[in-house]
Amino acid sequence: MGTIILGYDVESASQDTSGFLEGAQALHQKHDVPWSIYVTGKTVDVCTDDLLRIKDDPLLSIGQHTYNHILLKS
């Protein structure tokens with residue numbers, strides 16, 4: 001049997017981010033499924049406390065990419 005890892009791009013730096021992270025963590029813990037989140041630097045700046053609350057989840061890996069996803073090409 002293989003391993004399933006779900007990854008989420010968490011680019012929003014809004015009130016919704018906290019609820020998403022809390023709900024996603026509960027779901028993954030309930031089903032014992034590893035998960036990854038990829039956050040922008042702006043999300044880290046705005047949602048630091050939310051990320052600190054979940055960072056030690058053994059099922060979670062956190063990656064970061066760019067600061068705010070400014071499009072460099074059309």
# chains A, B, ... in the order shown; residues from 1 in each chain; ligands from 1
>>> residues_around(residues="segment 3-13 of chain A", least_positions_apart="5", cutoff="6 Å", atoms="only C-alpha atoms", output="VMD selection string")
chain A and resid 34 to 40 43 46
>>> select_by_dssp(residues="chain A", states="strand (DSSP E)", output="number ranges by chain")
A: 6-10, 35-39, 60-64
>>> write_last_selection(atoms="C-alpha atoms", output="compact mmCIF listing (two decimals), in the first residue's frame")
# COMPACT_ATOMS: atom_id res chain seq x y z
CA LEU A 6 -1.95 16.05 0.30
CA GLY A 7 -0.50 19.49 -0.35
CA TYR A 8 -2.23 22.83 -0.13
CA ASP A 9 -1.17 26.19 -1.50
CA VAL A 10 -2.03 28.61 1.32
CA TRP A 35 -0.24 16.83 4.61
CA SER A 36 1.90 19.69 3.36
CA ILE A 37 1.21 23.38 3.11
CA TYR A 38 3.05 25.86 0.94
CA VAL A 39 2.74 29.43 2.14
CA LEU A 60 2.51 18.32 8.57
CA SER A 61 5.36 19.70 6.51
CA ILE A 62 5.53 23.41 5.71
CA GLY A 63 7.19 24.94 2.66
CA GLN A 64 7.45 28.55 1.58
>>> closest_residue(among="A:Leu72, A:Val44, A:Leu59, A:Ile54", to="Ser14 of chain A", atoms="only C-alpha atoms")
A:Val44
>>> atom_distance(atom1="atom CA of Gln15 of chain A", atom2="atom CA of Asp50 of chain A")
10.2 Å
>>> select_by_dssp(residues="chain A", states="alpha helix (DSSP H)", output="JSON, numbers by chain")
{"A": [15, 16, 17, 18, 19, 20, 21, 22, 23, 24, 25, 26, 27, 28, 29, 30, 31, 41, 42, 43, 44, 45, 46, 48, 49, 50, 51, 52, 53, 54]}
>>> closest_residue(among="A:Met1, A:Pro58, A:Lys73, A:Thr66", to="His28 of chain A", atoms="only C-alpha atoms")
A:Pro58
>>> closest_residue(among="A:Lys55, A:Asp16, A:Gly2, A:Tyr67", to="Lys42 of chain A", atoms="only C-alpha atoms")
A:Tyr67
>>> atom_distance(atom1="atom CA of Asn68 of chain A", atom2="atom CA of Ala26 of chain A")
27.0 Å
>>> atom_distance(atom1="atom CA of His65 of chain A", atom2="atom CA of Cys47 of chain A")
15.1 Å
